[in-house]
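This is protein_14.cif. It holds mmCIF, C-alpha atoms and all ligand atoms.
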data_upload
loop_
_atom_site.label_atom_id
_atom_site.label_comp_id
_atom_site.auth_asym_id
_atom_site.auth_seq_id
_atom_site.Cartn_x
_atom_site.Cartn_y
_atom_site.Cartn_z
CA MET A 36 29.68 8.26 -3.25
CA MET A 37 29.85 4.67 -2.08
CA ALA A 38 28.37 2.17 -4.53
CA ALA A 39 25.08 0.69 -3.28
CA PRO A 40 25.44 -2.92 -2.20
CA SER A 41 23.99 -5.28 -4.77
CA TYR A 42 21.51 -7.99 -3.89
CA ILE A 43 22.91 -11.13 -2.34
CA PRO A 44 20.48 -14.07 -2.59
CA PRO A 45 19.39 -15.38 0.81
CA THR A 46 21.89 -17.81 2.26
CA ASP A 47 20.45 -18.19 5.73
CA GLY A 48 18.09 -21.01 4.81
CA ILE A 49 15.13 -18.89 5.81
CA GLY A 50 15.01 -16.68 2.75
CA ASN A 51 15.14 -13.41 4.61
CA PRO A 52 16.64 -10.74 2.32
CA PRO A 53 19.45 -8.94 4.15
CA SER A 54 18.06 -5.84 5.85
CA GLU A 55 21.20 -3.80 5.23
CA VAL A 56 20.49 -4.18 1.50
CA TRP A 57 16.74 -3.49 1.34
CA ALA A 58 16.78 -0.75 3.98
CA SER A 59 19.23 1.25 1.88
CA ALA A 60 17.96 0.26 -1.57
CA PRO A 61 18.68 3.28 -3.78
CA SER A 62 15.65 2.86 -6.06
CA LEU A 63 12.33 1.05 -6.31
CA GLU A 64 13.87 -1.30 -8.90
CA ALA A 65 16.70 -2.18 -6.52
CA LEU A 66 14.25 -2.75 -3.68
CA ALA A 67 12.04 -4.95 -5.85
CA ALA A 68 15.03 -7.01 -6.99
CA CYS A 69 16.21 -7.39 -3.42
CA ILE A 70 12.95 -8.80 -2.06
CA GLN A 71 11.84 -10.79 -5.13
CA GLY A 72 12.79 -14.12 -3.55
CA CYS A 73 11.63 -13.26 -0.03
CA LEU A 74 10.61 -16.17 2.18
CA ALA A 75 10.76 -14.25 5.43
CA CYS A 76 7.18 -15.01 6.47
CA PRO A 77 4.76 -17.90 5.88
CA LEU A 78 3.14 -16.14 2.89
CA GLY A 79 6.26 -16.40 0.73
CA PRO A 80 6.11 -20.08 -0.20
CA GLY A 81 2.41 -19.82 -1.17
CA ARG A 82 2.66 -16.98 -3.66
CA PHE A 83 2.64 -17.28 -7.42
CA ARG A 84 3.98 -13.74 -7.87
CA LEU A 85 5.21 -11.16 -5.41
CA VAL A 86 3.11 -8.01 -5.81
CA PHE A 87 5.57 -5.20 -5.28
CA GLY A 88 3.31 -2.27 -6.16
CA GLU A 89 3.13 -0.01 -9.19
CA GLY A 90 2.63 3.50 -10.42
CA ASP A 91 4.54 6.73 -10.76
CA PRO A 92 7.76 6.31 -8.75
CA LYS A 93 7.50 10.01 -7.87
CA ALA A 94 3.74 10.03 -7.23
CA ARG A 95 2.37 12.71 -4.92
CA LEU A 96 -0.54 10.46 -4.02
CA MET A 97 -0.04 6.93 -2.76
CA PHE A 98 -2.68 4.30 -1.93
CA ILE A 99 -1.96 1.46 0.46
CA GLY A 100 -4.20 -1.61 0.65
CA GLU A 101 -4.03 -4.82 2.61
CA GLY A 102 -2.52 -7.52 0.43
CA PRO A 103 -2.84 -9.20 -2.96
CA GLY A 104 -5.87 -11.32 -3.81
CA LYS A 105 -6.06 -14.14 -6.34
CA GLU A 106 -5.90 -12.02 -9.48
CA GLU A 107 -3.16 -9.81 -8.09
CA ASP A 108 -1.14 -12.93 -7.24
CA GLN A 109 -1.63 -14.24 -10.79
CA GLN A 110 -0.66 -10.99 -12.47
CA GLY A 111 1.90 -9.65 -10.00
CA ARG A 112 0.07 -6.30 -9.94
CA PRO A 113 -1.89 -4.63 -7.13
CA PHE A 114 -5.64 -4.00 -7.31
CA VAL A 115 -6.46 -5.61 -10.65
CA GLY A 116 -9.60 -7.48 -9.53
CA LYS A 117 -13.07 -6.16 -8.72
CA ALA A 118 -11.81 -3.97 -5.88
CA GLY A 119 -9.19 -2.63 -8.28
CA GLU A 120 -11.85 -1.58 -10.78
CA LEU A 121 -13.48 0.49 -8.07
CA LEU A 122 -10.14 1.88 -6.93
CA ASP A 123 -9.49 3.02 -10.50
CA LYS A 124 -12.84 4.83 -10.44
CA MET A 125 -12.00 6.39 -7.08
CA ILE A 126 -8.67 7.60 -8.47
CA GLY A 127 -10.38 8.95 -11.60
CA GLY A 128 -13.02 10.65 -9.48
CA ILE A 129 -10.43 12.99 -8.01
CA GLY A 130 -8.83 13.73 -11.34
CA PHE A 131 -5.91 11.32 -11.44
CA LYS A 132 -5.02 8.48 -13.77
CA ARG A 133 -3.90 5.20 -12.27
CA ASP A 134 -0.37 5.65 -13.58
CA GLN A 135 -0.10 9.07 -11.90
CA VAL A 136 -0.44 7.60 -8.42
CA TYR A 137 1.37 4.76 -6.66
CA ILE A 138 -0.46 1.69 -5.36
CA ALA A 139 0.99 -0.77 -2.84
CA ASN A 140 -0.10 -3.09 -0.04
CA VAL A 141 0.89 -3.90 3.53
CA VAL A 142 1.93 -7.40 2.46
CA LYS A 143 3.37 -8.24 -0.92
CA CYS A 144 2.34 -11.90 -1.05
CA ARG A 145 -1.18 -13.28 -1.16
CA PRO A 146 -2.60 -14.55 2.14
CA PRO A 147 -4.34 -17.91 1.61
CA ASP A 148 -8.10 -17.64 0.99
CA ASN A 149 -7.68 -13.85 1.03
CA ARG A 150 -7.59 -13.81 4.81
CA THR A 151 -6.28 -10.77 6.66
CA PRO A 152 -2.49 -10.97 7.01
CA THR A 153 -1.43 -11.79 10.56
CA PRO A 154 0.38 -9.09 12.56
CA GLN A 155 3.56 -11.14 12.24
CA GLU A 156 3.25 -11.36 8.43
CA SER A 157 2.43 -7.67 8.20
CA GLN A 158 5.27 -6.59 10.45
CA THR A 159 7.75 -8.78 8.54
CA CYS A 160 6.78 -7.06 5.28
CA LEU A 161 6.44 -3.56 6.70
CA GLY A 162 10.11 -2.64 6.39
CA TYR A 163 9.87 -3.12 2.63
CA LEU A 164 6.80 -0.89 2.44
CA LYS A 165 8.44 1.80 4.55
CA ARG A 166 11.52 1.87 2.30
CA GLN A 167 9.17 1.99 -0.69
CA ILE A 168 7.37 5.01 0.80
CA GLU A 169 10.68 6.75 1.52
CA LEU A 170 11.77 6.29 -2.08
CA ILE A 171 8.46 7.52 -3.53
CA ASP A 172 8.19 10.30 -0.95
CA PRO A 173 4.47 10.97 -1.59
CA GLY A 174 2.76 14.15 -0.45
CA VAL A 175 -0.24 12.23 0.87
CA ILE A 176 -1.01 8.58 1.57
CA VAL A 177 -4.56 7.23 1.46
CA THR A 178 -4.87 3.98 3.40
CA LEU A 179 -7.59 1.54 2.37
CA GLY A 180 -9.30 -0.35 5.19
CA ALA A 181 -8.29 -1.34 8.69
CA THR A 182 -5.11 -3.31 7.98
CA PRO A 183 -2.80 -0.51 6.79
CA LEU A 184 -4.20 1.72 9.52
CA ARG A 185 -3.36 -0.83 12.19
CA GLU A 186 -0.08 -2.14 10.83
CA LEU A 187 1.47 1.02 9.42
CA LEU A 188 0.15 3.57 11.92
CA GLY A 189 -0.60 1.41 14.95
CA ILE A 190 -4.20 2.66 15.08
CA GLN A 191 -6.47 0.00 16.53
CA THR A 192 -9.73 1.94 16.76
CA GLY A 193 -11.21 0.44 13.59
CA ILE A 194 -11.81 1.97 10.21
CA THR A 195 -15.38 3.18 10.73
CA LYS A 196 -14.24 5.41 13.54
CA ALA A 197 -10.86 6.39 12.14
CA ARG A 198 -11.71 7.11 8.51
CA GLY A 199 -11.79 10.73 7.46
CA SER A 200 -9.43 11.96 10.21
CA TRP A 201 -5.95 12.99 9.21
CA GLN A 202 -3.13 10.90 10.65
CA ARG A 203 0.61 11.25 10.37
CA LEU A 204 3.18 8.65 9.39
CA GLU A 205 6.55 9.44 10.92
CA LEU A 206 9.15 8.21 8.47
CA HIS A 207 12.07 10.04 6.84
CA ARG A 208 9.67 12.98 7.30
CA PRO A 209 6.08 13.21 8.58
CA ILE A 210 3.63 12.22 5.85
CA PRO A 211 -0.09 13.07 6.11
CA VAL A 212 -2.31 10.00 5.89
CA MET A 213 -6.02 9.96 5.08
CA PRO A 214 -7.66 6.66 6.11
CA THR A 215 -10.68 5.54 4.14
CA PHE A 216 -12.70 2.40 3.53
CA HIS A 217 -11.28 -0.45 1.46
CA PRO A 218 -12.90 -0.62 -2.01
CA ALA A 219 -13.86 -4.27 -1.35
CA TYR A 220 -15.86 -3.06 1.66
CA VAL A 221 -17.49 -0.35 -0.46
CA LEU A 222 -18.55 -3.04 -2.96
CA ARG A 223 -20.12 -5.06 -0.14
CA GLN A 224 -21.76 -2.03 1.50
CA TYR A 225 -22.71 -0.06 -1.56
CA THR A 226 -24.73 2.52 0.33
CA GLN A 227 -24.87 6.23 -0.18
CA GLU A 228 -23.38 6.72 3.27
CA VAL A 229 -20.30 4.59 2.63
CA ARG A 230 -19.74 5.97 -0.86
CA GLY A 231 -20.21 9.51 0.42
CA ALA A 232 -17.63 8.90 3.15
CA VAL A 233 -15.04 7.64 0.67
CA TRP A 234 -15.72 10.57 -1.65
CA ALA A 235 -15.22 13.02 1.23
CA ASP A 236 -11.94 11.34 2.24
CA LEU A 237 -10.60 11.38 -1.31
CA LYS A 238 -11.58 15.00 -1.77
CA ALA A 239 -9.74 15.88 1.45
CA ALA A 240 -6.60 14.15 0.11
CA ARG A 241 -6.88 16.01 -3.20
CA ALA A 242 -7.47 19.34 -1.43
CA TRP A 243 -4.33 18.80 0.67
CA LEU A 244 -2.29 18.22 -2.47
CA GLU A 245 -3.74 21.30 -4.12
CA GLU A 246 -2.92 23.40 -1.08
CA HIS A 247 0.65 22.05 -0.97
CA PRO A 248 1.86 22.10 -4.62
N1 LIG B 301 -7.10 -5.87 -2.00
C1 LIG B 301 -5.98 -5.30 -1.51
O1 LIG B 301 -5.95 -4.88 -0.36
N2 LIG B 301 -4.94 -5.20 -2.31
C2 LIG B 301 -4.93 -5.62 -3.56
O2 LIG B 301 -3.93 -5.48 -4.22
C3 LIG B 301 -6.12 -6.19 -4.06
C4 LIG B 301 -7.17 -6.32 -3.26
#
The structure given in the file should be rewritten as structure tokens.
Amino acid sequence: MMAAPSYIPPTDGIGNPPSEVWASAPSLEALAACIQGCLACPLGPGRFRLVFGEGDPKARLMFIGEGPGKEEDQQGRPFVGKAGELLDKMIGGIGFKRDQVYIANVVKCRPPDNRTPTPQESQTCLGYLKRQIELIDPGVIVTLGATPLRELLGIQTGITKARGSWQRLELHRPIPVMPTFHPAYVLRQYTQEVRGAVWADLKAARAWLEEHP
């Protein structure tokens, strides 16, 4: 077997990690090392820490959010703020521990003032996320909010309409995707209707995993 190419620091003055290296990264560690210094989009120079994602590298259930907030940027870990507390409860509610699932975001660097990442920022980062998904090879992905739905699946209809309906991500193989509301939205709209919708979506994801051991 040919040895995997090792990371070459960016030399193009733009800080774009070489795609031939990250696209064939043999492990999550290799991928993380490869993109650690990324300056390929305007978010790079503003970050304190790149938030790669975390969890079981062989998780059957993967959650994908939008992008790091202030606390995530400080700690270098996804979903550690208020929304993260709720995500932990959501994960627990369907019988998983946080370290049994994998949690990542569309963009790995914090957008200023927690704004939505632009399509250009998202698309620049998306290749890293796709390689990450291929390496984890989850049974089911749960997307959180409109951004992963739009950027990863190209679905523009909006989360209120799209949540709860199975989608499919065509990657190294088709992966079922259950879109649900972002936990930050649930915290803002803490109604029985919104919470009930998220619960139904999570139960559907769990049922799929149970039916496909
Ligand atoms: N919101 C997200 O979408 N991702 C995080 O990691 C934290 C908050």
query = With all atoms listed in the file as the basis for distance, which of A:Ala240, A:Ile190, A:Val177, A:Leu170 is at the shortest distance from A:Pro92?
reply = A:Leu170
query = Using all atoms listed in the file, what are the residues with an atom within 6 Å of ligand LIG 301 (chain B), set out as a list in words?
reply = Gly100, Glu101, Gly102, Pro103, Gly104, Glu107, Pro113, Phe114, Ala118 and Asn140 of chain A
Identify the residues within 12 Å of coordinate (-3.9, -12.9, -7.7) (same frame as the file), considering only C-alpha atoms, and give the answer as a PDB file with C-alpha atoms, in the frame of the given file.
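result.pdb, written as the output of this step:
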ATOM      1  CA  GLY A  81       2.410 -19.820  -1.170  1.00  0.00           C
ATOM      2  CA  ARG A  82       2.660 -16.980  -3.660  1.00  0.00           C
ATOM      3  CA  PHE A  83       2.640 -17.280  -7.420  1.00  0.00           C
ATOM      4  CA  ARG A  84       3.980 -13.740  -7.870  1.00  0.00           C
ATOM      5  CA  LEU A  85       5.210 -11.160  -5.410  1.00  0.00           C
ATOM      6  CA  VAL A  86       3.110  -8.010  -5.810  1.00  0.00           C
ATOM      7  CA  GLY A 102      -2.520  -7.520   0.430  1.00  0.00           C
ATOM      8  CA  PRO A 103      -2.840  -9.200  -2.960  1.00  0.00           C
ATOM      9  CA  GLY A 104      -5.870 -11.320  -3.810  1.00  0.00           C
ATOM     10  CA  LYS A 105      -6.060 -14.140  -6.340  1.00  0.00           C
ATOM     11  CA  GLU A 106      -5.900 -12.020  -9.480  1.00  0.00           C
ATOM     12  CA  GLU A 107      -3.160  -9.810  -8.090  1.00  0.00           C
ATOM     13  CA  ASP A 108      -1.140 -12.930  -7.240  1.00  0.00           C
ATOM     14  CA  GLN A 109      -1.630 -14.240 -10.790  1.00  0.00           C
ATOM     15  CA  GLN A 110      -0.660 -10.990 -12.470  1.00  0.00           C
ATOM     16  CA  GLY A 111       1.900  -9.650 -10.000  1.00  0.00           C
ATOM     17  CA  ARG A 112       0.070  -6.300  -9.940  1.00  0.00           C
ATOM     18  CA  PRO A 113      -1.890  -4.630  -7.130  1.00  0.00           C
ATOM     19  CA  PHE A 114      -5.640  -4.000  -7.310  1.00  0.00           C
ATOM     20  CA  VAL A 115      -6.460  -5.610 -10.650  1.00  0.00           C
ATOM     21  CA  GLY A 116      -9.600  -7.480  -9.530  1.00  0.00           C
ATOM     22  CA  LYS A 117     -13.070  -6.160  -8.720  1.00  0.00           C
ATOM     23  CA  GLY A 119      -9.190  -2.630  -8.280  1.00  0.00           C
ATOM     24  CA  LYS A 143       3.370  -8.240  -0.920  1.00  0.00           C
ATOM     25  CA  CYS A 144       2.340 -11.900  -1.050  1.00  0.00           C
ATOM     26  CA  ARG A 145      -1.180 -13.280  -1.160  1.00  0.00           C
ATOM     27  CA  PRO A 146      -2.600 -14.550   2.140  1.00  0.00           C
ATOM     28  CA  PRO A 147      -4.340 -17.910   1.610  1.00  0.00           C
ATOM     29  CA  ASP A 148      -8.100 -17.640   0.990  1.00  0.00           C
ATOM     30  CA  ASN A 149      -7.680 -13.850   1.030  1.00  0.00           C
TER      31      ASN A 149
END
Using all atoms listed in the file, what does the table of stretch 196-221 of chain A residues within 10 Å of stretch 155-169 of chain A look like, with each row giving the shortest atom pair and its distance in Å to one decimal, sorted by chain and ascending number, as a tab-separated table?
residue	atom	partner	partner_atom	distance
A:Leu204	CA	A:Lys165	CA	9.9
A:Leu206	CA	A:Glu169	CA	7.3
A:His207	CA	A:Glu169	CA	6.4
A:Arg208	CA	A:Glu169	CA	8.6
A:Ile210	CA	A:Ile168	CA	9.6
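With all atoms listed in the file taken into account, the protein and nucleic acid residues at most 12 Å from A:Glu246 (excluding it and anything under 6 positions from it in its own chain) are Gly174, Val175, Ala239 and Ala240 of chain A.
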Writing out the chosen residues with C-alpha atoms as a compact mmCIF listing (two decimals), in the frame of the given file:
# COMPACT_ATOMS: atom_id res chain seq x y z
CA GLY A 174 2.76 14.15 -0.45
CA VAL A 175 -0.24 12.23 0.87
CA ALA A 239 -9.74 15.88 1.45
CA ALA A 240 -6.60 14.15 0.11
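Take atom CA of A:Ile126 and atom CA of A:Leu237: the distance between them is 8.3 Å.
Compared by their closest atoms to A:Glu186, and using all atoms listed in the file, the residues A:Gly88, A:Pro248, A:Pro152, A:Gly130 rank with A:Pro152 nearest.
Across the structure, atom CA of A:Thr153 and atom CA of A:Leu74 are spaced 15.3 Å apart.
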key: atom CA of A:Ala242 to atom CA of A:Ala181, straight-line distance in Å   = 23.0 Å
query = So which one's closest to A:Pro61, A:Gly79, A:Glu120, A:Arg241, A:Ile171? Using only C-alpha atoms, please.
reply = A:Ile171
Skipping near chain neighbours, those fewer than 3 positions away, what residues fall within 10 Å of stretch 220-230 of chain A using all atoms listed in the file, listed as a CSV table (one decimal) with C-alpha atoms, keeping the file's coordinate frame?
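Listed below is the output, selection26.csv:
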chain,number,residue,atom,x,y,z
A,117,LYS,CA,-13.1,-6.2,-8.7
A,118,ALA,CA,-11.8,-4.0,-5.9
A,121,LEU,CA,-13.5,0.5,-8.1
A,125,MET,CA,-12.0,6.4,-7.1
A,179,LEU,CA,-7.6,1.5,2.4
A,180,GLY,CA,-9.3,-0.4,5.2
A,195,THR,CA,-15.4,3.2,10.7
A,215,THR,CA,-10.7,5.5,4.1
A,216,PHE,CA,-12.7,2.4,3.5
A,217,HIS,CA,-11.3,-0.4,1.5
A,233,VAL,CA,-15.0,7.6,0.7
A,234,TRP,CA,-15.7,10.6,-1.6
A,235,ALA,CA,-15.2,13.0,1.2
A,236,ASP,CA,-11.9,11.3,2.2
